[in-house]
Amino acid sequence: MDDYRHLADRVADDIAAGRLRPGERLPPQRVFARRRGIAGSTAGRVYGELVRRGLVVGEVGRGTFVRAAPVRSYGRALVEAATGAPVNLELNYPSAPGQSELLAPALAPLLRPDVLTEALRPAAAVGTVPAREAAAALLATADWHPGPDRLLFTGNARQAIAAALASLVRRGGRVGVEPLTYPLVKEVAARLGVTLVPLAADERGPIPESIAAAHRTARLSALYLQPTLHNPTSVTTDEPRRRELAGVVTDLGIPVVEDRIWSFLSDAEPFASHAPDLTYVVDGLSKRVAPGLTVGFLVVPPQRVEAVAAAIRSGGWSAGRFALEAAVRWCGDGTVARLVAAKREDAARRQRLVARHLDGFAVRSDPHAYHAWWELPAPWRADTFTAAAAEHGIALTPGPAFAVDPARTPDAVRLGLASAAVADLERALRTLAGVAAAGR
């Protein structure tokens, strides 16, 4: 019998070749199993694998549908000619004007042969003393001052998430997450053999009682939360709710991986300030500075430094020494601070465009965020709208990519506002508004 992944590969090939088109419904799992001569449980694993790869989306009571295919060609926009280059609102890496010119001076001293020799040596998970001090100062807030001895470094923030979870959760363990979460966390969980448990949430963030309820059902090994400018919804959990959450995790002894990758755009204090002995703070330079030469930061409870450092080493997730040296210089000469100020202004400008062009639609966002969550009007589904946008040269991330429960897939899309040029973003928003309105 073929491995379920091989069967999933065959379906994926049909989607790539256009034999299965965006929006097309797959047969029920029992029919698929009968046609392929496999067990129903194997068919379920095939469909689950296709969902994990982002190729299909399951909708309760309706079935499983092919998601939008990769963009191949572009038609004319509905409300204006698509005269520019394709607009990618999936990628979300901000860039400030003159960014390269700001970054270059700090790199020049590293290119001296004597300095470069040292900078190209492997870096330990604990980095260097200057790196720990610079990172601790960068991440500090009014109410939270992480000690440099609690800092560890990875190649990027994604690796920091993986290292934190790998150090906390054994294969077969359970991790509580918001019902919509960073897609990479789903991939990390699959590789680690970890089950993600969606927690109930409202407009203020995760509901504390849902953590206790999930823990009663079966022990939670950890939580992964994005309390500041949550991706994709932009929700920032308020201070009273954070205190409630901290009380619950403290009572139950559940460690929390706090993702603060977008926190540089907000003045919200970290969750770690409420539960410092249980919280593992993830941050990095990819959004603050640039994705090409970046470092991931991981602040861990003092008693856990060696255990997490071991996870970083075993995963091959250590930061490069050259990147560490560059980060120290960028923090020390004020480059990071200048970039953060510029990107805060840029995010606010782009949010004003969203408010102007998508006025009247159900868009959830924050004036300081670089993304927005658009709950689509009927009769649009996430996959059909994503496909329609692709026909007009606009790439979007469909809502099901963020859903933890494949049976509960939102008819929504995330708009990544950071990467496109402002003029291209404005053109794309006008086009998308026209497409959405025409589908009503």
# chains A, B, ... in the order shown; residues from 1 in each chain; ligands from 1
$ residues_around --residues "Phe32 of chain A" --least-positions-apart "4" --cutoff "12 Å" --atoms "only C-alpha atoms" --output "PyMOL selection string"
chain A and resi 7-8+11+25-28+36-47+64
$ residues_around --residues "Ala395 of chain A" --least-positions-apart "3" --cutoff "9 Å" --atoms "only C-alpha atoms" --output "MDAnalysis selection string"
chainID A and resid 70:71 86:91 386:387 389:390 392
$ residues_around --residues "Leu298 of chain A" --least-positions-apart "2" --cutoff "8 Å" --atoms "only C-alpha atoms" --output "MDAnalysis selection string"
chainID A and resid 151:154 160 164 280:283 296 300
$ atom_distance --atom1 "atom CA of Pro276 of chain A" --atom2 "atom CA of Ile261 of chain A"
17.9 Å
$ atom_distance --atom1 "atom CA of Glu258 of chain A" --atom2 "atom CA of Ala327 of chain A"
21.7 Å
